[in-house]
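Shown below: run.txt, with compact mmCIF, C-alpha atoms.
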# COMPACT_ATOMS: atom_id res chain seq x y z
CA VAL A 1 30.71 -1.38 -19.82
CA ARG A 2 27.73 -2.77 -21.63
CA PRO A 3 26.90 -6.47 -21.18
CA VAL A 4 27.32 -8.67 -24.22
CA PRO A 5 23.92 -9.27 -25.83
CA TRP A 6 22.73 -12.85 -25.75
CA LEU A 7 20.31 -14.76 -27.88
CA SER A 8 18.72 -18.02 -26.92
CA PRO A 9 19.35 -20.84 -29.43
CA VAL A 10 15.69 -21.85 -29.00
CA PRO A 11 12.60 -19.63 -28.99
CA LEU A 12 11.81 -18.48 -25.48
CA SER A 13 8.47 -19.25 -23.88
CA THR A 14 6.80 -17.97 -20.74
CA THR A 15 7.29 -21.34 -19.04
CA MET A 16 11.04 -21.08 -19.60
CA LEU A 17 10.86 -17.88 -17.56
CA GLY A 18 8.98 -19.60 -14.74
CA LEU A 19 5.65 -18.06 -15.74
CA PRO A 20 2.30 -19.61 -16.65
CA THR A 21 1.62 -20.06 -20.38
CA THR A 22 -1.27 -17.58 -20.16
CA THR A 23 1.00 -14.71 -19.07
CA LYS A 24 0.84 -11.74 -21.42
CA ALA A 25 2.89 -9.14 -19.54
CA CYS A 26 5.34 -8.68 -16.68
CA LEU A 27 5.07 -5.86 -14.16
CA PHE A 28 8.29 -4.85 -12.40
CA ASP A 29 9.04 -2.60 -9.46
CA LEU A 30 12.01 -0.29 -9.99
CA GLU A 31 13.61 -0.09 -6.55
CA GLY A 32 15.30 -3.30 -5.47
CA VAL A 33 13.97 -5.32 -8.42
CA LEU A 34 15.49 -3.70 -11.50
CA THR A 35 17.85 -1.12 -9.99
CA ASP A 36 19.73 -0.23 -6.84
CA SER A 37 17.80 3.06 -6.61
CA ALA A 38 16.39 2.16 -3.18
CA LEU A 39 19.90 2.89 -1.84
CA LEU A 40 19.77 6.35 -3.40
CA HIS A 41 16.33 7.06 -1.90
CA ALA A 42 17.40 5.83 1.55
CA GLN A 43 20.53 7.98 1.43
CA ALA A 44 18.55 11.07 0.43
CA TRP A 45 16.00 10.48 3.21
CA SER A 46 18.83 9.98 5.70
CA GLU A 47 20.42 13.32 4.81
CA VAL A 48 17.11 15.19 5.01
CA PHE A 49 15.92 13.60 8.25
CA ASP A 50 19.29 13.69 10.04
CA GLU A 51 19.67 17.41 9.32
CA PHE A 52 16.12 18.04 10.62
CA LEU A 53 16.54 15.78 13.66
CA LEU A 54 19.85 17.44 14.60
CA ARG A 55 18.24 20.88 14.47
CA LEU A 56 15.30 19.62 16.53
CA SER A 57 17.70 18.05 19.03
CA ASP A 58 19.57 21.35 19.40
CA LYS A 59 16.30 23.27 19.95
CA THR A 60 14.68 20.84 22.38
CA GLY A 61 17.57 19.07 24.08
CA TRP A 62 16.23 15.69 22.96
CA GLY A 63 18.78 13.02 22.19
CA PHE A 64 19.65 12.69 18.51
CA ILE A 65 18.82 9.28 17.01
CA PRO A 66 19.84 9.19 13.35
CA PHE A 67 17.64 7.87 10.57
CA ASP A 68 18.32 4.16 9.92
CA ARG A 69 18.78 3.73 6.16
CA VAL A 70 17.64 0.11 6.29
CA ALA A 71 15.05 -0.28 9.05
CA ASP A 72 13.47 3.19 8.97
CA TYR A 73 13.46 3.35 5.18
CA ARG A 74 11.71 -0.03 4.84
CA ALA A 75 9.24 0.54 7.66
CA TYR A 76 8.14 4.09 6.93
CA LEU A 77 9.14 5.30 3.47
CA ASP A 78 9.66 2.56 0.88
CA GLY A 79 6.84 2.70 -1.67
CA ARG A 80 4.92 5.50 0.05
CA PRO A 81 4.19 8.99 -1.21
CA ARG A 82 6.74 11.44 0.18
CA VAL A 83 4.50 13.38 2.55
CA GLU A 84 2.81 10.22 3.85
CA GLY A 85 6.23 8.68 4.52
CA ILE A 86 7.44 11.81 6.30
CA HIS A 87 4.47 11.74 8.66
CA ALA A 88 4.82 7.97 9.24
CA PHE A 89 8.53 8.27 10.12
CA LEU A 90 8.13 11.33 12.32
CA ASP A 91 5.10 9.79 14.07
CA SER A 92 7.32 6.83 14.96
CA ARG A 93 9.55 9.33 16.80
CA GLY A 94 6.64 11.17 18.44
CA ILE A 95 7.16 14.22 16.23
CA ARG A 96 4.34 16.07 14.49
CA LEU A 97 4.91 18.58 11.70
CA PRO A 98 2.37 20.69 9.87
CA GLU A 99 1.72 19.68 6.26
CA GLY A 100 2.70 23.08 4.97
CA ARG A 101 2.59 24.25 1.38
CA PRO A 102 4.84 23.69 -1.63
CA ASP A 103 5.93 27.33 -1.57
CA ASP A 104 6.94 27.34 2.12
CA PRO A 105 10.35 28.97 2.73
CA ALA A 106 13.24 26.50 2.89
CA GLU A 107 13.81 27.20 6.60
CA SER A 108 10.23 26.18 7.52
CA ASP A 109 9.71 22.96 9.40
CA THR A 110 6.88 21.48 7.37
CA ALA A 111 6.33 18.15 5.66
CA CYS A 112 6.29 19.91 2.27
CA VAL A 113 9.71 21.47 2.88
CA LEU A 114 11.19 18.10 3.90
CA ALA A 115 9.59 16.49 0.82
CA ARG A 116 11.06 19.18 -1.43
CA ARG A 117 14.51 18.72 0.16
CA LYS A 118 14.31 14.98 -0.42
CA GLY A 119 13.56 15.56 -4.10
CA GLU A 120 16.56 17.88 -4.34
CA GLU A 121 18.82 15.29 -2.69
CA VAL A 122 17.63 12.54 -5.06
CA ALA A 123 18.33 14.78 -8.05
CA ARG A 124 21.80 15.59 -6.70
CA HIS A 125 22.63 11.93 -6.09
CA LEU A 126 21.33 10.96 -9.54
CA ARG A 127 23.70 13.49 -11.11
CA GLN A 128 26.64 12.41 -8.94
CA ARG A 129 26.31 8.65 -8.86
CA GLY A 130 23.38 7.55 -11.02
CA VAL A 131 21.82 4.15 -10.53
CA THR A 132 22.81 0.66 -11.57
CA ALA A 133 20.79 -2.23 -12.93
CA LEU A 134 20.72 -5.16 -10.53
CA ASP A 135 22.27 -8.47 -11.57
CA GLY A 136 20.01 -10.34 -13.94
CA ALA A 137 17.58 -7.45 -14.51
CA ARG A 138 18.70 -6.77 -18.09
CA ARG A 139 18.74 -10.46 -19.02
CA TYR A 140 15.27 -11.11 -17.60
CA LEU A 141 13.82 -8.04 -19.33
CA GLU A 142 15.43 -9.14 -22.60
CA ALA A 143 14.18 -12.71 -22.17
CA ALA A 144 10.64 -11.49 -21.41
CA GLY A 145 10.72 -9.45 -24.61
CA HIS A 146 11.99 -12.42 -26.63
CA ALA A 147 9.15 -14.49 -25.16
CA GLY A 148 6.70 -11.92 -26.53
CA LEU A 149 5.70 -10.44 -23.19
CA GLU A 150 4.92 -6.78 -22.64
CA ARG A 151 7.13 -5.27 -19.93
CA ALA A 152 6.02 -2.53 -17.56
CA VAL A 153 7.67 -0.74 -14.64
CA VAL A 154 5.68 0.81 -11.82
CA SER A 155 7.23 2.90 -9.08
CA ALA A 156 6.29 5.50 -6.50
CA SER A 157 9.32 7.47 -7.67
CA ALA A 158 8.87 10.61 -9.75
CA ASN A 159 12.25 9.72 -11.30
CA THR A 160 11.36 6.31 -12.73
CA LEU A 161 12.19 7.01 -16.37
CA PRO A 162 15.47 8.86 -15.67
CA MET A 163 16.56 6.02 -13.38
CA LEU A 164 15.73 3.40 -16.03
CA GLN A 165 17.70 5.44 -18.57
CA LEU A 166 20.72 5.76 -16.27
CA ALA A 167 20.63 2.01 -15.58
CA GLY A 168 20.44 1.28 -19.32
CA LEU A 169 17.04 -0.43 -19.05
CA ALA A 170 14.62 2.14 -20.51
CA THR A 171 14.61 0.61 -23.99
CA LEU A 172 13.65 -2.79 -22.55
CA VAL A 173 10.23 -1.77 -21.23
CA GLU A 174 7.12 -0.73 -23.07
CA VAL A 175 5.29 1.00 -20.22
CA VAL A 176 6.61 3.21 -17.41
CA ASN A 177 4.07 4.23 -14.79
CA GLU A 178 5.27 6.75 -12.25
CA ARG A 179 2.78 6.91 -9.42
CA ARG A 180 2.60 10.64 -8.91
CA CYS A 181 0.70 12.16 -6.09
CA HIS A 182 0.26 15.87 -5.71
CA VAL A 183 -0.38 15.88 -1.97
CA ALA A 184 0.06 19.55 -1.14
CA GLY A 185 1.67 19.92 -4.59
CA VAL A 186 4.66 17.70 -3.78
CA LEU A 187 5.54 14.78 -6.04
CA ASP A 188 6.12 11.32 -4.63
CA ASP A 189 9.61 9.96 -4.71
Can the structure from this file be put into structure tokens for me?
Amino acid sequence: VRPVPWLSPVPLSTTMLGLPTTTKACLFDLEGVLTDSALLHAQAWSEVFDEFLLRLSDKTGWGFIPFDRVADYRAYLDGRPRVEGIHAFLDSRGIRLPEGRPDDPAESDTACVLARRKGEEVARHLRQRGVTALDGARRYLEAAGHAGLERAVVSASANTLPMLQLAGLATLVEVVNERRCHVAGVLDD
């Protein structure tokens, strides 16, 4: 269901949006600001890490402590490049993995393989469930446009544009900047 478009009866200004009069553009984060995609990322990380941690637990006899989709995601992964986040999370558990290479076999325990699996899980979840615009995101983007402001979205996700499209927000921004990092050939996300 598409929201009913609205038009202000008076011209919008930056001050009406709570911004200084000198503001020329608005820069938005994707996850948790415009869309609920942080939930999708946290779920994908949980599936990847829990599968890895269970296998490690079976091999070593260590107790299995599952990935916490709220605390672990915020502390170690949110906004970080994939491989950096993998190392940060695993370091918090006293686990070290080799960096590996993008073409490592799927059964290898390397950071690159976990990063690749996370990308696959995000893609699967995007196809299955998509993402949703958060309350007020569409209205604020529309209002910023009516006030004559440029609108840009910046995200560490390699899926920024597809997520904006699925949430119905892509046409409301002029600039989409996906922060891509090719650490060991693996995209951020």
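Atom CA of A:Gly61 sits 18.4 Å away from atom CA of A:Ser92.
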Query raised in the report: Of the residues A:Trp62, A:Ala144, A:Met16, A:Phe28, which is the one nearest to A:Val175, using all atoms listed in the file?
Result: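 Using all atoms listed in the file, the shortest distance to A:Val175 belongs to A:Phe28.
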Query - Near-A:Leu34 list (9 Å; all atoms listed in the file; drop same-chain fewer than 2 positions) as a PyMOL selection string - result: chain A and resi 28-32+36-37+132-138+153+164+167+169
Report task. Select, from A:Trp45, A:Ala25, A:Leu141, A:Ile95, the residue with the minimum atom-to-atom distance to A:Ser57, counting all atoms listed in the file. Result ->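 Closest to A:Ser57, using all atoms listed in the file: A:Ile95.
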Query - Gap from atom CA of A:Arg124 to atom CA of A:Glu174 - Å, one decimal - result: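 If I compute the distance from atom CA of A:Arg124 to atom CA of A:Glu174, I get 27.4 Å.
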Query raised in the report: So, counting all atoms listed in the file, which residue among A:Leu97, A:Val131, A:Ala143, A:Leu39 is closest to A:Gly168?
Result: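 Using all atoms listed in the file, the shortest distance to A:Gly168 belongs to A:Val131.
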Query raised in the report: Nearest to A:Lys118: which of A:Gln43, A:Thr171, A:Thr21, A:Thr60 is it, counting all atoms listed in the file?
Result: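 For A:Lys118, the nearest of the given residues is A:Gln43.
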Report task. Tell me which of A:Phe89, A:Val154, A:Arg117, A:Thr22 sits closest to A:Pro105, counting all atoms listed in the file. Result ->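 Checking each of A:Phe89, A:Val154, A:Arg117, A:Thr22 against A:Pro105, counting all atoms listed in the file, the winner is A:Arg117.
For the pair atom CA of A:Gly79 and atom CA of A:Ala38, the interatomic distance is 9.7 Å.
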Report task. Measuring atom to atom with all atoms listed in the file, identify which of A:Gln165, A:Ala170, A:Asn177, A:Asn159 is nearest to A:Glu142. Result -> A:Ala170
When you look at A:Gly130 with a cut-off of 9 Å (counting only C-alpha atoms), what residues show up, excluding the ones that are within fewer than 2 positions of it in the same chain? I need them as a PDB file with C-alpha atoms, in the coordinates of the input.
ATOM      1  CA  SER A  37      17.800   3.060  -6.610  1.00  0.00           C
ATOM      2  CA  LEU A  40      19.770   6.350  -3.400  1.00  0.00           C
ATOM      3  CA  HIS A 125      22.630  11.930  -6.090  1.00  0.00           C
ATOM      4  CA  LEU A 126      21.330  10.960  -9.540  1.00  0.00           C
ATOM      5  CA  ARG A 127      23.700  13.490 -11.110  1.00  0.00           C
ATOM      6  CA  GLN A 128      26.640  12.410  -8.940  1.00  0.00           C
ATOM      7  CA  THR A 132      22.810   0.660 -11.570  1.00  0.00           C
ATOM      8  CA  MET A 163      16.560   6.020 -13.380  1.00  0.00           C
ATOM      9  CA  LEU A 166      20.720   5.760 -16.270  1.00  0.00           C
ATOM     10  CA  ALA A 167      20.630   2.010 -15.580  1.00  0.00           C
TER      11      ALA A 167
END
